[in-house]
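What follows is a single structure, written as structure tokens, with notes after it.
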Amino acid sequence: MSDEIYTEMNFAKPDLSRKERTGFAEVIFAQGKEDDFLCKIFKKLYEQNGSVMATRASEHQAELIKAMYPNAAYDNVSRIIRLADKPEPLIGSIAVCTAGTADIKVAEECAVAAEFFGTKVERVYDVGVSGIHRILSKTDVLGKVNCVVAIAGMEGALASVIGGLCSVPVIAVPTSVGYGASFEGLSALLTMINSCANGISVVNIDNGYGAAYIATQINRLAVKGSVK
């Protein structure tokens, strides 16, 4: 493990040994951070790791980072800033599924983060239960991956359907998409944690990044287990 476990910056303490401990370098949650703080933390983590990712970043924050590092990439759907000297090779496979097109912002946070971590991602979008034939037509994809992320708002039923179709772990992500009685994702969250389908775990509302992290852990273990 690195002799320098973290750096004292007064306003922040970047965790320099996290990748050695957990397999994942520290990721920056950009939303709400002061411009100067974000830039300094980004710079420190990049210097330490040769790569860095910031989630929930605004276009303004992305412009600040790109002024420092022109090679940094920003995706305004996922709201992720990425910079890597040597991108991780993509291994294994996970599927990221959405109930509707309105869920894609959360799905792309999941997919882009997982790809940054080195996971191959199959995107299966707009396959919600209001047209059940759509997800049923994708069972071949679901049968080939090591993990499925099911992202849905409204009543959140997609996770239960996928859980009943798959032999691999399903990570359910409730989204804040829906009308008033969905309570900004609470109805989907309650459906998902009360699912009668087995093999489903649930992350917080709109937490695409959290799903990407867990899915990558599962994918890495599956790839490792398949190597003889």
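Identifiers in this document derive from the order of the structure tokens: chains are assigned A, B, ..., residues are numbered from 1 separately in each chain, and ligands are numbered from 1 in order of occurrence.
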Can you pull out every residue within 9 Å of A:Val148, counting only C-alpha atoms, but drop anything in the same chain fewer than 4 positions away, and send it as a ChimeraX atom specification? /A:94-97,142,162-163,166,168-172,215
Backbone-only DSSP, strand (DSSP E or B) members of stretch 164-203 of chain A, as a PyMOL selection string: chain A and resi 170-174+200-202
Quote the spacing between atom CA of A:Val141 and atom CA of A:Met53 in Å to one decimal place. 28.2 Å
Contacts of A:Gly210 at 10 Å or less, counting only C-alpha atoms, minus same-chain residues fewer than 3 places along, as an NGL selection string? :A and (109-110 or 113-114 or 171 or 173 or 202-204 or 206-207 or 213-216)
What does the file look like for those residues with N, CA, C and O atoms, as a compact mmCIF listing (two decimals), in the first residue's frame?
```
# COMPACT_ATOMS: atom_id res chain seq x y z
N GLU A 109 -25.29 7.32 -16.62
CA GLU A 109 -24.37 7.46 -15.50
C GLU A 109 -23.81 6.09 -15.12
O GLU A 109 -22.62 5.93 -14.87
N CYS A 110 -24.69 5.09 -15.11
CA CYS A 110 -24.28 3.72 -14.80
C CYS A 110 -23.36 3.16 -15.88
O CYS A 110 -22.27 2.65 -15.59
N ALA A 113 -19.89 5.05 -16.23
CA ALA A 113 -19.04 4.75 -15.08
C ALA A 113 -18.51 3.33 -15.15
O ALA A 113 -17.32 3.07 -14.89
N ALA A 114 -19.36 2.37 -15.50
CA ALA A 114 -18.93 0.98 -15.61
C ALA A 114 -17.86 0.81 -16.67
O ALA A 114 -16.88 0.08 -16.48
N ILE A 171 -29.35 -5.72 -10.32
CA ILE A 171 -29.25 -4.52 -9.49
C ILE A 171 -30.33 -3.56 -9.93
O ILE A 171 -30.35 -3.13 -11.09
N VAL A 173 -32.35 -0.03 -9.91
CA VAL A 173 -32.13 1.40 -9.66
C VAL A 173 -33.46 2.13 -9.85
O VAL A 173 -33.93 2.30 -10.98
N VAL A 202 -30.95 -3.56 -4.43
CA VAL A 202 -31.48 -2.24 -4.78
C VAL A 202 -30.53 -1.15 -4.27
O VAL A 202 -30.07 -1.21 -3.13
N VAL A 203 -30.25 -0.17 -5.13
CA VAL A 203 -29.48 1.00 -4.71
C VAL A 203 -30.43 2.19 -4.57
O VAL A 203 -31.63 2.08 -4.83
N ASN A 204 -29.90 3.31 -4.17
CA ASN A 204 -30.71 4.48 -3.90
C ASN A 204 -31.31 5.08 -5.18
O ASN A 204 -30.88 4.77 -6.30
N ASP A 206 -32.01 7.11 -8.29
CA ASP A 206 -31.17 7.80 -9.29
C ASP A 206 -29.68 7.49 -9.15
O ASP A 206 -28.85 8.18 -9.75
N ASN A 207 -29.31 6.47 -8.40
CA ASN A 207 -27.89 6.20 -8.15
C ASN A 207 -27.30 5.27 -9.20
O ASN A 207 -26.94 4.12 -8.92
N TYR A 213 -20.75 0.53 -9.85
CA TYR A 213 -19.69 0.04 -8.96
C TYR A 213 -19.95 -1.41 -8.58
O TYR A 213 -19.07 -2.27 -8.70
N ILE A 214 -21.17 -1.70 -8.12
CA ILE A 214 -21.50 -3.07 -7.70
C ILE A 214 -21.47 -4.01 -8.90
O ILE A 214 -20.96 -5.14 -8.82
N ALA A 215 -22.03 -3.58 -10.02
CA ALA A 215 -22.05 -4.42 -11.22
C ALA A 215 -20.63 -4.75 -11.68
O ALA A 215 -20.35 -5.87 -12.13
N THR A 216 -19.73 -3.79 -11.56
CA THR A 216 -18.34 -4.04 -11.94
C THR A 216 -17.69 -5.05 -11.00
O THR A 216 -16.93 -5.92 -11.45
```
So which bits of stretch 36-127 of chain A end up alpha helix (DSSP H) when you DSSP the backbone, as a PyMOL selection string? chain A and resi 36-49+59-68+104-116
Pull N, CA, C and O atoms from the residues just selected and write them as a compact mmCIF listing (two decimals), in the first residue's frame.
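Now in again-v2.txt:
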```
# COMPACT_ATOMS: atom_id res chain seq x y z
N ASP A 36 -12.88 25.93 -7.35
CA ASP A 36 -11.47 25.77 -7.00
C ASP A 36 -11.22 24.42 -6.32
O ASP A 36 -10.22 23.76 -6.59
N PHE A 37 -12.14 24.02 -5.45
CA PHE A 37 -12.00 22.73 -4.77
C PHE A 37 -12.02 21.58 -5.77
O PHE A 37 -11.20 20.66 -5.71
N LEU A 38 -12.98 21.63 -6.69
CA LEU A 38 -13.10 20.57 -7.69
C LEU A 38 -11.82 20.45 -8.51
O LEU A 38 -11.29 19.35 -8.71
N CYS A 39 -11.32 21.57 -8.98
CA CYS A 39 -10.13 21.56 -9.84
C CYS A 39 -8.91 21.01 -9.11
O CYS A 39 -8.14 20.21 -9.67
N LYS A 40 -8.74 21.39 -7.87
CA LYS A 40 -7.58 20.94 -7.10
C LYS A 40 -7.67 19.45 -6.78
O LYS A 40 -6.67 18.73 -6.83
N ILE A 41 -8.86 18.98 -6.43
CA ILE A 41 -9.04 17.55 -6.14
C ILE A 41 -8.84 16.72 -7.41
O ILE A 41 -8.18 15.69 -7.40
N PHE A 42 -9.41 17.19 -8.52
CA PHE A 42 -9.26 16.50 -9.81
C PHE A 42 -7.78 16.37 -10.17
O PHE A 42 -7.31 15.30 -10.56
N LYS A 43 -7.05 17.48 -10.03
CA LYS A 43 -5.63 17.50 -10.36
C LYS A 43 -4.85 16.51 -9.49
O LYS A 43 -4.00 15.75 -10.00
N LYS A 44 -5.13 16.49 -8.20
CA LYS A 44 -4.40 15.61 -7.29
C LYS A 44 -4.65 14.14 -7.61
O LYS A 44 -3.72 13.32 -7.66
N LEU A 45 -5.90 13.77 -7.85
CA LEU A 45 -6.21 12.38 -8.14
C LEU A 45 -5.65 11.95 -9.50
O LEU A 45 -5.19 10.81 -9.65
N TYR A 46 -5.66 12.85 -10.46
CA TYR A 46 -5.08 12.51 -11.77
C TYR A 46 -3.58 12.30 -11.66
O TYR A 46 -3.02 11.36 -12.23
N GLU A 47 -2.91 13.16 -10.92
CA GLU A 47 -1.46 13.02 -10.74
C GLU A 47 -1.12 11.71 -10.03
O GLU A 47 -0.11 11.08 -10.32
N GLN A 48 -1.98 11.29 -9.11
CA GLN A 48 -1.74 10.06 -8.36
C GLN A 48 -2.01 8.81 -9.20
O GLN A 48 -1.24 7.85 -9.18
N ASN A 49 -3.12 8.82 -9.95
CA ASN A 49 -3.60 7.59 -10.58
C ASN A 49 -3.44 7.54 -12.09
O ASN A 49 -3.58 6.46 -12.68
N GLU A 59 -22.03 21.43 -16.93
CA GLU A 59 -21.24 21.85 -18.10
C GLU A 59 -20.20 22.88 -17.70
O GLU A 59 -19.08 22.88 -18.23
N HIS A 60 -20.56 23.74 -16.77
CA HIS A 60 -19.60 24.74 -16.28
C HIS A 60 -18.40 24.06 -15.64
O HIS A 60 -17.24 24.44 -15.91
N GLN A 61 -18.64 23.06 -14.81
CA GLN A 61 -17.54 22.34 -14.18
C GLN A 61 -16.69 21.61 -15.22
O GLN A 61 -15.46 21.58 -15.11
N ALA A 62 -17.34 21.06 -16.21
CA ALA A 62 -16.61 20.37 -17.27
C ALA A 62 -15.70 21.34 -18.03
O ALA A 62 -14.56 20.99 -18.38
N GLU A 63 -16.17 22.55 -18.27
CA GLU A 63 -15.35 23.55 -18.96
C GLU A 63 -14.11 23.90 -18.14
O GLU A 63 -13.02 24.10 -18.69
N LEU A 64 -14.26 23.96 -16.82
CA LEU A 64 -13.12 24.25 -15.95
C LEU A 64 -12.07 23.14 -16.06
O LEU A 64 -10.86 23.42 -16.16
N ILE A 65 -12.52 21.90 -16.04
CA ILE A 65 -11.59 20.77 -16.11
C ILE A 65 -10.94 20.69 -17.49
O ILE A 65 -9.73 20.45 -17.60
N LYS A 66 -11.71 20.93 -18.54
CA LYS A 66 -11.16 20.86 -19.89
C LYS A 66 -10.16 21.98 -20.15
O LYS A 66 -9.26 21.84 -20.98
N ALA A 67 -10.30 23.10 -19.45
CA ALA A 67 -9.31 24.17 -19.56
C ALA A 67 -7.97 23.72 -18.98
O ALA A 67 -6.90 24.14 -19.44
N MET A 68 -8.03 22.85 -17.98
CA MET A 68 -6.81 22.30 -17.38
C MET A 68 -6.28 21.12 -18.18
O MET A 68 -5.08 20.98 -18.38
N ILE A 104 -32.89 7.25 -19.17
CA ILE A 104 -31.58 7.08 -19.78
C ILE A 104 -30.50 7.92 -19.10
O ILE A 104 -29.33 7.50 -19.05
N LYS A 105 -30.85 9.08 -18.55
CA LYS A 105 -29.83 9.88 -17.87
C LYS A 105 -29.18 9.09 -16.75
O LYS A 105 -27.94 9.07 -16.61
N VAL A 106 -29.98 8.41 -15.95
CA VAL A 106 -29.44 7.57 -14.87
C VAL A 106 -28.72 6.36 -15.44
O VAL A 106 -27.66 5.95 -14.95
N ALA A 107 -29.28 5.79 -16.50
CA ALA A 107 -28.66 4.62 -17.13
C ALA A 107 -27.29 4.94 -17.70
O ALA A 107 -26.35 4.15 -17.59
N GLU A 108 -27.15 6.12 -18.30
CA GLU A 108 -25.86 6.49 -18.85
C GLU A 108 -24.83 6.79 -17.76
O GLU A 108 -23.64 6.55 -17.94
N GLU A 109 -25.29 7.32 -16.62
CA GLU A 109 -24.37 7.46 -15.50
C GLU A 109 -23.81 6.09 -15.12
O GLU A 109 -22.62 5.93 -14.87
N CYS A 110 -24.69 5.09 -15.11
CA CYS A 110 -24.28 3.72 -14.80
C CYS A 110 -23.36 3.16 -15.88
O CYS A 110 -22.27 2.65 -15.59
N ALA A 111 -23.77 3.27 -17.13
CA ALA A 111 -23.02 2.66 -18.23
C ALA A 111 -21.65 3.30 -18.42
O ALA A 111 -20.64 2.61 -18.58
N VAL A 112 -21.59 4.63 -18.41
CA VAL A 112 -20.32 5.33 -18.62
C VAL A 112 -19.37 5.06 -17.46
O VAL A 112 -18.17 4.84 -17.66
N ALA A 113 -19.89 5.05 -16.23
CA ALA A 113 -19.04 4.75 -15.08
C ALA A 113 -18.51 3.33 -15.15
O ALA A 113 -17.32 3.07 -14.89
N ALA A 114 -19.36 2.37 -15.50
CA ALA A 114 -18.93 0.98 -15.61
C ALA A 114 -17.86 0.81 -16.67
O ALA A 114 -16.88 0.08 -16.48
N GLU A 115 -18.02 1.49 -17.79
CA GLU A 115 -17.00 1.43 -18.85
C GLU A 115 -15.69 2.04 -18.39
O GLU A 115 -14.61 1.53 -18.71
N PHE A 116 -15.76 3.12 -17.64
CA PHE A 116 -14.55 3.72 -17.09
C PHE A 116 -13.82 2.73 -16.18
O PHE A 116 -12.58 2.67 -16.17
```
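The environment of A:Gly23 within 10 Å, counting only C-alpha atoms and disregarding residues fewer than 5 places along the same chain, consists of Ser17, Arg18, Phe117 and Gln217 of chain A.
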Selection near stretch 76-88 of chain A, 6 Å with only C-alpha atoms, sequence-local residues under 2 positions removed, as a ChimeraX atom specification: /A:50-57,72-74,105,108-109,118
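Taking only C-alpha atoms into account, A:Gly92 lies nearest to A:Val121 out of the set A:Leu165, A:Ile5, A:Val121, A:Met154.
Counting only C-alpha atoms, A:Lys19 has the following residues at most 10 Å away, ignoring those fewer than 5 positions along the same chain: Met1, Phe24, Ala25, Glu26 and Asn49 of chain A.
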Selection file, all heavy atoms, as a short mmCIF file (atom, residue, chain, number, x, y, z; two decimals), in the first residue's frame:
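Heads up, here's the output in selection-v4.cif:
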```
data_model
loop_
_atom_site.label_atom_id
_atom_site.label_comp_id
_atom_site.auth_asym_id
_atom_site.auth_seq_id
_atom_site.Cartn_x
_atom_site.Cartn_y
_atom_site.Cartn_z
N MET A 1 0.84 -1.20 0.00
CA MET A 1 0.00 0.00 0.00
C MET A 1 0.88 1.25 0.00
O MET A 1 1.96 1.25 0.58
CB MET A 1 -0.92 0.00 1.23
CG MET A 1 -1.92 1.15 1.26
SD MET A 1 -3.08 1.05 2.65
CE MET A 1 -4.04 -0.39 2.15
N PHE A 24 -10.76 0.18 -6.76
CA PHE A 24 -11.31 1.35 -7.44
C PHE A 24 -10.68 2.60 -6.85
O PHE A 24 -10.71 2.81 -5.64
CB PHE A 24 -12.83 1.46 -7.23
CG PHE A 24 -13.63 0.32 -7.80
CD1 PHE A 24 -13.78 -0.86 -7.07
CD2 PHE A 24 -14.25 0.43 -9.04
CE1 PHE A 24 -14.54 -1.91 -7.57
CE2 PHE A 24 -15.00 -0.62 -9.55
CZ PHE A 24 -15.15 -1.79 -8.81
N ALA A 25 -10.13 3.45 -7.71
CA ALA A 25 -9.62 4.74 -7.24
C ALA A 25 -10.79 5.62 -6.81
O ALA A 25 -11.94 5.40 -7.21
CB ALA A 25 -8.82 5.42 -8.34
N GLU A 26 -10.49 6.62 -6.01
CA GLU A 26 -11.54 7.53 -5.55
C GLU A 26 -12.19 8.25 -6.74
O GLU A 26 -11.50 8.69 -7.67
CB GLU A 26 -10.99 8.56 -4.57
CG GLU A 26 -12.05 9.50 -4.04
CD GLU A 26 -11.55 10.44 -2.95
OE1 GLU A 26 -10.35 10.37 -2.58
OE2 GLU A 26 -12.35 11.26 -2.48
N ASN A 49 -3.12 8.82 -9.95
CA ASN A 49 -3.60 7.59 -10.58
C ASN A 49 -3.44 7.54 -12.09
O ASN A 49 -3.58 6.46 -12.68
CB ASN A 49 -5.08 7.39 -10.23
CG ASN A 49 -5.31 7.30 -8.74
OD1 ASN A 49 -4.64 6.55 -8.04
ND2 ASN A 49 -6.27 8.09 -8.24
#
```
